[in-house]
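Note sheet for the following structure.
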Amino acid sequence: MANIFPKWSNFVPIKIILGIGLVVTAVVAGITYYGTPKYMRVGYQPIQPVPFDHNIHVEQLGMDCRYCHTYVDRSEHSNVPSTNTCMNCHSQVLTDSQALAPVRESAESGEPIPWVRIHKTPDFVYFNHSVHVNRGISCVECHGQVNEMQTVYHAKSLSMSFCLDCHRHPEKSIRPVDEVYNLNWEASSPKEQEEMGKRFVHDWKINPPLSCSGCHR
Amino acid sequence: MRIFLGIFVFLCVATVSIFGIRGTKFTEPPLYVFPDMDDQEKYRPQGENTFYQNRMDDRPVVPGTIARGSSWETAKVFNEDFNYAQADNPELYTGKTRSGEWVRGFPVEVNHALMELGQQKYTIFCQVCHSAIGDGDGITKQYGVATTLSYHDDRLRDMAEGEIFNTITHGKNTMSGYGEKLRPEERWAVIAYLRALQRAQNGTLDDVPTPFKKELLESLQAPAQDSTPADEPETTQEDDSSTQAESTE
């Protein structure tokens, strides 16, 4: 009796299994790498209506974050400054700059400047800025080195695991309350950070919520 | 199999070359594959709103009205016994007495905590123009804000605290008001700190506490030292009076 199946068919099951294995691995690897905020959001650097340069204002002029983001330490929401705040100085500084034309128009008309929002938690996440900055969590922990950014971009993933990493180990990120707005501050060593952090967590009775309702409502 | 492997490798390479690597800068809004309830139809602080003409979620205060507290309990706020804090204590909120004169002195207790608060708020909001010692030579002067005044003249030393309060709240000449950025207590704290700066800049050797006098005199003999005005108010006083003492003697 002649062979029904040719000889090469012996290898078909192995090849199929191997092929499926490869495809599944590639898809899983692809989604893991590309499907999370670490890829989807980090690096988002929209073109703003006014090319505001944090580096000049913070590093060169030495302005405090709270001159503009005034309510960050007393509100859940860290405000984008009103046009009035810009005009405190720019009514006299660079008064004929083309880049600042939208600011002057806004000051005259009362229409807001359409800043493009970069960092945004989902609407079912209730993040509170004031509790974080008033308990030694610096701006830099979530927003990166904004003081050095000429154009602001999304520096950290702000995914749920990002939040939870810190909520589980606050001692790694906590710092003296006076240094919260000093984005260049760093503990002298990781060991020092750990010891100091543990002390703060204990002394200030830091107990970051890990339950769903801590952030979701 | 060879064809399959070829296509597989091609697709992998194509994916990586199209999507790139993590952290690359991009300007288009991030893609939402599963939007879930990430964007809800609700008012957010400083959110955009297509319903109102000026496109803002935040609603301005209606002209001719005053806020009756920020309490959620309407029964409390609309109660007949509700006290409008501003009417109760005009000194604290307007810098004027009931008869309309500028307040002299402070309607809040001046203590170390208030001084520290004042220093903190001064450093954030005033220092950029008025400088750390209040001589009007802040960093903005180099960029064209030319009209900033020095606090250190007799007119401003004798000015009533209430009038300074009014200037901070509403601004004056080229200075804008900071009433929205500073609470009334914080404005009084800034005034207290400002008075300390004035005192420090106008001090004499007699103002220096005896324990520090020897140290100061020694440091005067040493080559000119670098003064750090942004420290504790007390330190500022000593440092600055040292320069003052230098000039008076």
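Starting from 1 in every chain, residues are counted up; chains themselves are A, B, ... following the order of the structure tokens, and ligands are numbered from 1 as listed.
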
(Q) List as a PyMOL selection string the protein and nucleic acid residues near Val80 (chain A), meaning an atom at most 9 Å away when only C-alpha atoms are counted, but skip any in the same chain fewer than 5 places from it. (A) (chain A and resi 68-70+115) or (chain B and resi 46)

Output all heavy atoms for every residue in the selection just made, as a PDB file, in the first residue's frame.
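Resulting contents of part30.pdb:
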```pdb
ATOM      1  N   CYS A  68       3.509  80.372  39.686  1.00  0.00           N
ATOM      2  CA  CYS A  68       2.471  80.156  38.663  1.00  0.00           C
ATOM      3  C   CYS A  68       1.488  79.068  39.085  1.00  0.00           C
ATOM      4  O   CYS A  68       0.288  79.234  38.983  1.00  0.00           O
ATOM      5  CB  CYS A  68       3.108  79.764  37.343  1.00  0.00           C
ATOM      6  SG  CYS A  68       4.280  80.982  36.745  1.00  0.00           S
ATOM      7  N   HIS A  69       2.024  77.920  39.534  1.00  0.00           N
ATOM      8  CA  HIS A  69       1.132  76.821  39.919  1.00  0.00           C
ATOM      9  C   HIS A  69       0.760  77.012  41.386  1.00  0.00           C
ATOM     10  O   HIS A  69       1.053  76.180  42.248  1.00  0.00           O
ATOM     11  CB  HIS A  69       1.813  75.482  39.667  1.00  0.00           C
ATOM     12  CG  HIS A  69       2.307  75.328  38.255  1.00  0.00           C
ATOM     13  ND1 HIS A  69       1.444  75.165  37.194  1.00  0.00           N
ATOM     14  CD2 HIS A  69       3.547  75.345  37.715  1.00  0.00           C
ATOM     15  CE1 HIS A  69       2.150  75.070  36.069  1.00  0.00           C
ATOM     16  NE2 HIS A  69       3.426  75.189  36.354  1.00  0.00           N
ATOM     17  N   THR A  70       0.101  78.137  41.647  1.00  0.00           N
ATOM     18  CA  THR A  70      -0.067  78.639  43.010  1.00  0.00           C
ATOM     19  C   THR A  70      -0.825  77.702  43.931  1.00  0.00           C
ATOM     20  O   THR A  70      -0.525  77.593  45.102  1.00  0.00           O
ATOM     21  CB  THR A  70      -0.820  79.976  42.949  1.00  0.00           C
ATOM     22  OG1 THR A  70      -0.174  80.812  42.011  1.00  0.00           O
ATOM     23  CG2 THR A  70      -0.846  80.643  44.299  1.00  0.00           C
ATOM     24  N   TRP A 115      -4.030  76.077  26.264  1.00  0.00           N
ATOM     25  CA  TRP A 115      -2.896  75.194  26.545  1.00  0.00           C
ATOM     26  C   TRP A 115      -3.314  73.753  26.282  1.00  0.00           C
ATOM     27  O   TRP A 115      -4.452  73.370  26.565  1.00  0.00           O
ATOM     28  CB  TRP A 115      -2.454  75.321  28.004  1.00  0.00           C
ATOM     29  CG  TRP A 115      -1.974  76.681  28.401  1.00  0.00           C
ATOM     30  CD1 TRP A 115      -2.653  77.585  29.171  1.00  0.00           C
ATOM     31  CD2 TRP A 115      -0.732  77.308  28.067  1.00  0.00           C
ATOM     32  NE1 TRP A 115      -1.910  78.719  29.331  1.00  0.00           N
ATOM     33  CE2 TRP A 115      -0.720  78.579  28.665  1.00  0.00           C
ATOM     34  CE3 TRP A 115       0.381  76.906  27.320  1.00  0.00           C
ATOM     35  CZ2 TRP A 115       0.348  79.462  28.543  1.00  0.00           C
ATOM     36  CZ3 TRP A 115       1.441  77.783  27.198  1.00  0.00           C
ATOM     37  CH2 TRP A 115       1.420  79.044  27.806  1.00  0.00           C
TER      38      TRP A 115
ATOM     39  N   GLN B  46     -10.432  73.914  35.421  1.00  0.00           N
ATOM     40  CA  GLN B  46      -9.774  74.476  34.231  1.00  0.00           C
ATOM     41  C   GLN B  46     -10.035  73.654  32.978  1.00  0.00           C
ATOM     42  O   GLN B  46      -9.251  73.679  32.039  1.00  0.00           O
ATOM     43  CB  GLN B  46      -8.259  74.609  34.453  1.00  0.00           C
ATOM     44  CG  GLN B  46      -7.924  75.577  35.555  1.00  0.00           C
ATOM     45  CD  GLN B  46      -6.457  75.945  35.592  1.00  0.00           C
ATOM     46  OE1 GLN B  46      -5.605  75.080  35.618  1.00  0.00           O
ATOM     47  NE2 GLN B  46      -6.172  77.229  35.593  1.00  0.00           N
TER      48      GLN B  46
END
```

Q: Tell me, as a PyMOL selection string, which residues lie within 12 Å of region 150-159 of chain A, counting only C-alpha atoms; anything in the same chain fewer than 5 positions away does not count.
A: (chain A and resi 35-60+115-122+125+127+139-145+164-166) or (chain B and resi 22-30)

(Q) I'd like the contact shell of Pro81 (chain A) - 12 Å cut-off, only C-alpha atoms, skipping same-chain residues fewer than 5 positions apart - returned as JSON, numbers by chain. (A) {"A": [52, 65, 66, 67, 68, 69, 70, 71, 72, 86, 87, 88, 103, 112, 113, 114, 115], "B": [46, 180, 181]}

Q: Write out as a ChimeraX atom specification each polymer residue whose atoms come within 8 Å of Thr140 (chain B), counting only C-alpha atoms; drop sequence neighbours fewer than 6 positions from it.
A: /A:61,89 /B:128-129

Would you save the residues from that selection as a short mmCIF file (atom, residue, chain, number, x, y, z; two decimals), in the first residue's frame, using N, CA and C atoms?
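Just written: selection_0.cif:
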```
data_model
loop_
_atom_site.label_atom_id
_atom_site.label_comp_id
_atom_site.auth_asym_id
_atom_site.auth_seq_id
_atom_site.Cartn_x
_atom_site.Cartn_y
_atom_site.Cartn_z
N LEU A 61 15.83 82.33 36.05
CA LEU A 61 15.26 83.40 36.88
C LEU A 61 15.07 82.97 38.33
N CYS A 89 4.59 90.02 34.73
CA CYS A 89 5.89 90.46 34.23
C CYS A 89 5.80 90.85 32.75
N VAL B 128 11.13 87.78 43.09
CA VAL B 128 11.55 87.90 41.69
C VAL B 128 11.68 89.36 41.26
N CYS B 129 10.83 90.23 41.78
CA CYS B 129 10.95 91.64 41.41
C CYS B 129 11.62 92.45 42.52
#
```

Q) Lys172 (chain B): which residues within 12 Å, counting only C-alpha atoms, same-chain residues fewer than 6 positions away excluded, as a PyMOL selection string? A) (chain A and resi 88) or (chain B and resi 147-149+163-166+178)

Q. Hey, what does DSSP flag as helix (DSSP H, G or I) within region 2-189 of chain A? Can you give it to me as a ChimeraX atom specification?
A. /A:7-34,37-40,54-60,65-68,70-73,83-90,101-109,129-133,139-143,146-148,160-168,170-172,177-179

Q: Might you pull out every residue within 12 Å of Thr97 (chain B), with only C-alpha atoms counted and same-chain residues fewer than 2 positions away left off, and present them as a ChimeraX atom specification?
A: /B:86-95,99-107,160-163

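Scanning region 19-239 of chain B with DSSP on the backbone, the strand (DSSP E or B) assignments fall on B:Phe26, B:Glu48, B:Met56, B:Lys96, B:Trp102, B:Gly171, B:Lys172, B:Met175, B:Ser176.
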